[in-house]
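The file entry18.tsv comes next; it holds TSV, C-alpha atoms.
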chain	number	residue	atom	x	y	z
A	1	MET	CA	-58.19	-9.21	1.50
A	2	PHE	CA	-54.40	-9.40	1.90
A	3	ALA	CA	-53.82	-12.24	-0.56
A	4	ARG	CA	-50.67	-12.27	-2.61
A	5	LYS	CA	-51.09	-11.21	-6.21
A	6	THR	CA	-47.94	-12.99	-7.40
A	7	PRO	CA	-46.69	-16.43	-6.43
A	8	ALA	CA	-43.80	-16.52	-4.03
A	9	ARG	CA	-40.55	-17.64	-5.54
A	10	SER	CA	-38.79	-20.36	-3.68
A	11	TYR	CA	-35.05	-20.49	-4.11
A	12	ARG	CA	-33.17	-23.51	-2.94
A	13	ARG	CA	-30.35	-22.34	-0.74
A	14	THR	CA	-27.39	-24.66	-0.97
A	15	ALA	CA	-25.51	-25.76	2.09
A	16	PRO	CA	-22.04	-24.25	2.60
A	17	SER	CA	-20.43	-27.68	2.23
A	18	ASP	CA	-21.73	-27.91	-1.35
A	19	HIS	CA	-19.24	-25.27	-2.48
A	20	THR	CA	-16.06	-26.90	-1.20
A	21	VAL	CA	-14.59	-27.45	-4.66
A	22	LEU	CA	-15.36	-23.84	-5.62
A	23	TRP	CA	-13.56	-22.48	-2.56
A	24	ILE	CA	-10.55	-24.72	-3.18
A	25	ALA	CA	-10.40	-23.59	-6.82
A	26	THR	CA	-10.69	-19.94	-5.78
A	27	THR	CA	-7.85	-20.34	-3.28
A	28	LEU	CA	-5.65	-22.02	-5.89
A	29	VAL	CA	-6.31	-19.28	-8.46
A	30	LEU	CA	-5.51	-16.55	-5.90
A	31	ALA	CA	-2.30	-18.34	-4.94
A	32	LEU	CA	-1.34	-18.67	-8.60
A	33	VAL	CA	-1.95	-14.96	-9.26
A	34	LEU	CA	0.08	-14.08	-6.15
A	35	ALA	CA	2.97	-16.32	-7.28
A	36	VAL	CA	3.00	-14.83	-10.78
A	37	LEU	CA	2.83	-11.25	-9.52
A	38	SER	CA	5.58	-11.86	-6.96
A	39	ASN	CA	7.92	-12.89	-9.77
A	40	TYR	CA	7.37	-9.71	-11.77
A	41	LEU	CA	6.82	-7.01	-9.14
A	42	PRO	CA	8.92	-5.81	-6.23
A	43	LEU	CA	7.68	-6.69	-2.78
A	44	GLY	CA	6.41	-3.16	-2.02
A	45	SER	CA	4.14	-3.16	-5.06
A	46	LEU	CA	2.63	-6.58	-4.49
A	47	LEU	CA	-0.19	-5.53	-2.14
A	48	PRO	CA	-1.56	-2.70	-4.31
A	49	ALA	CA	-1.39	-4.89	-7.41
A	50	MET	CA	-3.23	-7.75	-5.71
A	51	SER	CA	-5.94	-5.41	-4.45
A	52	ILE	CA	-6.43	-4.01	-7.97
A	53	PHE	CA	-6.67	-7.50	-9.46
A	54	MET	CA	-9.11	-8.68	-6.78
A	55	VAL	CA	-11.47	-5.71	-7.15
A	56	ALA	CA	-11.37	-5.96	-10.95
A	57	GLY	CA	-11.96	-9.72	-10.76
A	58	ALA	CA	-14.92	-9.25	-8.42
A	59	LEU	CA	-16.50	-6.65	-10.69
A	60	LEU	CA	-16.04	-8.86	-13.77
A	61	LEU	CA	-17.42	-11.90	-11.98
A	62	MET	CA	-20.49	-10.04	-10.74
A	63	ALA	CA	-21.05	-8.56	-14.20
A	64	GLY	CA	-20.97	-12.07	-15.65
A	65	ILE	CA	-23.38	-13.35	-13.02
A	66	PHE	CA	-25.75	-10.44	-13.66
A	67	LEU	CA	-25.61	-10.86	-17.43
A	68	ALA	CA	-26.32	-14.58	-17.00
A	69	GLY	CA	-29.64	-13.59	-15.38
A	70	LEU	CA	-28.81	-14.60	-11.82
A	71	ARG	CA	-29.19	-12.30	-8.85
A	72	LEU	CA	-27.03	-11.78	-5.79
A	73	GLY	CA	-27.32	-14.72	-3.43
A	74	HIS	CA	-29.54	-16.76	-5.75
A	75	ASP	CA	-26.99	-18.38	-8.00
A	76	PRO	CA	-26.74	-22.15	-7.56
A	77	HIS	CA	-22.95	-22.21	-7.87
A	78	GLY	CA	-22.06	-19.73	-5.12
A	79	LEU	CA	-20.14	-17.43	-7.47
A	80	SER	CA	-21.62	-14.33	-5.87
A	81	GLU	CA	-19.97	-15.38	-2.60
A	82	VAL	CA	-16.63	-15.66	-4.39
A	83	ALA	CA	-17.15	-12.19	-5.89
A	84	ALA	CA	-17.96	-10.81	-2.44
A	85	LEU	CA	-14.81	-12.43	-1.04
A	86	LEU	CA	-12.68	-10.93	-3.80
A	87	MET	CA	-14.19	-7.48	-3.27
A	88	PHE	CA	-13.66	-7.69	0.50
A	89	LEU	CA	-10.04	-8.79	0.17
A	90	GLY	CA	-9.36	-6.18	-2.52
A	91	CYS	CA	-10.78	-3.37	-0.39
A	92	ALA	CA	-8.90	-4.61	2.68
A	93	GLY	CA	-5.68	-4.66	0.67
A	94	THR	CA	-6.36	-1.14	-0.55
A	95	MET	CA	-6.91	0.10	3.01
A	96	MET	CA	-3.59	-1.42	4.12
A	97	THR	CA	-1.68	0.06	1.18
A	98	THR	CA	0.27	3.24	1.80
A	99	SER	CA	0.45	6.03	-0.75
A	100	GLU	CA	4.16	5.36	-1.34
A	101	GLN	CA	3.37	1.76	-2.31
A	102	ALA	CA	0.63	2.82	-4.72
A	103	LEU	CA	2.84	5.44	-6.36
A	104	GLY	CA	5.66	2.91	-6.52
A	105	LEU	CA	3.35	0.52	-8.36
A	106	LEU	CA	2.61	3.20	-10.95
A	107	GLY	CA	6.34	3.80	-11.39
A	108	ASP	CA	6.98	0.06	-11.77
A	109	VAL	CA	4.28	-0.23	-14.42
A	110	ARG	CA	5.76	2.69	-16.38
A	111	ILE	CA	9.22	1.12	-16.25
A	112	ALA	CA	7.87	-2.29	-17.32
A	113	VAL	CA	5.99	-0.75	-20.25
A	114	ALA	CA	9.02	1.27	-21.32
A	115	THR	CA	11.37	-1.71	-21.20
A	116	ALA	CA	8.85	-3.93	-22.99
A	117	SER	CA	8.46	-1.40	-25.78
A	118	THR	CA	12.22	-0.95	-26.23
A	119	THR	CA	13.06	-4.68	-26.32
A	120	ARG	CA	10.85	-5.36	-29.34

If you convert what's in this file into C-alpha cells, what do you get?
Amino acid sequence: MFARKTPARSYRRTAPSDHTVLWIATTLVLALVLAVLSNYLPLGSLLPAMSIFMVAGALLLMAGIFLAGLRLGHDPHGLSEVAALLMFLGCAGTMMTTSEQALGLLGDVRIAVATASTTR
C-alpha cells in the first residue's frame, strides 16, 4: 500500500578525514590571495576586497558544481563544503566591514584603474 514507486538513492558520504588535502589546498589558496591583495591594497581596503573575492569564488564554485551535475552535499570531492566556507567567510567579512572601508575600496580601485590607464 505504501510501497516506494522509485528506488531510493544511496549516496556514499565520505568521512571528514578524506578531504584533508582539499582543506590544505583551500587554506593555501586563501593565504596566497591574501598575500597578493595585501601587496596592492592599503590595509583598510583589505577586508572588503577579501570578502568580495570569497563571495564571488563561492558563487563560481557552486555554479561549476551545479553545471557538473552534482548537488549540494552529494559531491564526492567535498567542493560544496569549500564553497560554503568561502560564502560564510565572505559574509562575515562583509558584516565586519564599515562603510568607510567599502567606500575607500571603491576609491582605491578608481585610482588603480586611472593610473594603469595613464601608464600605458

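In this structure, atom CA of Met62 of chain A sits 6.6 Å away from atom CA of Ser80 of chain A.
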
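Between Met54 of chain A and the candidates A:Leu37, A:Leu32, A:Leu86, A:Ala68, the tightest atom-to-atom separation, counting only C-alpha atoms, involves A:Leu86.
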
Select, from A:Ala25, A:Met50, A:Ala31, A:Leu79, the residue with the minimum atom-to-atom distance to Gly64 of chain A, counting only C-alpha atoms.
-> A:Leu79

For segment 50-58 of chain A, take all atoms listed in the file, fit an axis-aligned box around them, add 8 Å to each of the six sides, then output centre and edge lengths in Å rounded to one decimal, as JSON.
{"center_x": -9.1, "center_y": -6.9, "center_z": -7.7, "size_x": 27.7, "size_y": 21.7, "size_z": 22.5}

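For the atom pair formed by atom CA of Gly90 of chain A and atom CA of Leu105 of chain A, the distance is 15.5 Å, given to one decimal.
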
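Atom CA of Gly93 of chain A is positioned 23.0 Å from atom CA of Gly78 of chain A.
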
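Counting only C-alpha atoms, the residue from A:Ala35, A:Leu70, A:Met96, A:Leu103 that sits nearest to Ser51 of chain A is A:Met96.
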
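Candidate residues A:Leu34, A:Arg71, A:Trp23, A:Val55 were compared for distance to Phe88 of chain A, and the nearest is A:Val55, using all atoms listed in the file.
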
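The closest residue to Ile65 of chain A, picked from A:Ala83, A:Leu30, A:Ser45, A:Ile52 and counting all atoms listed in the file, is A:Ala83.
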
May I have the residues within 12 Å of Val21 of chain A as an MDAnalysis selection string, using all atoms listed in the file and disregarding those fewer than 4 positions away in the same chain?
-> chainID A and resid 16:17 25:28 77:79 82
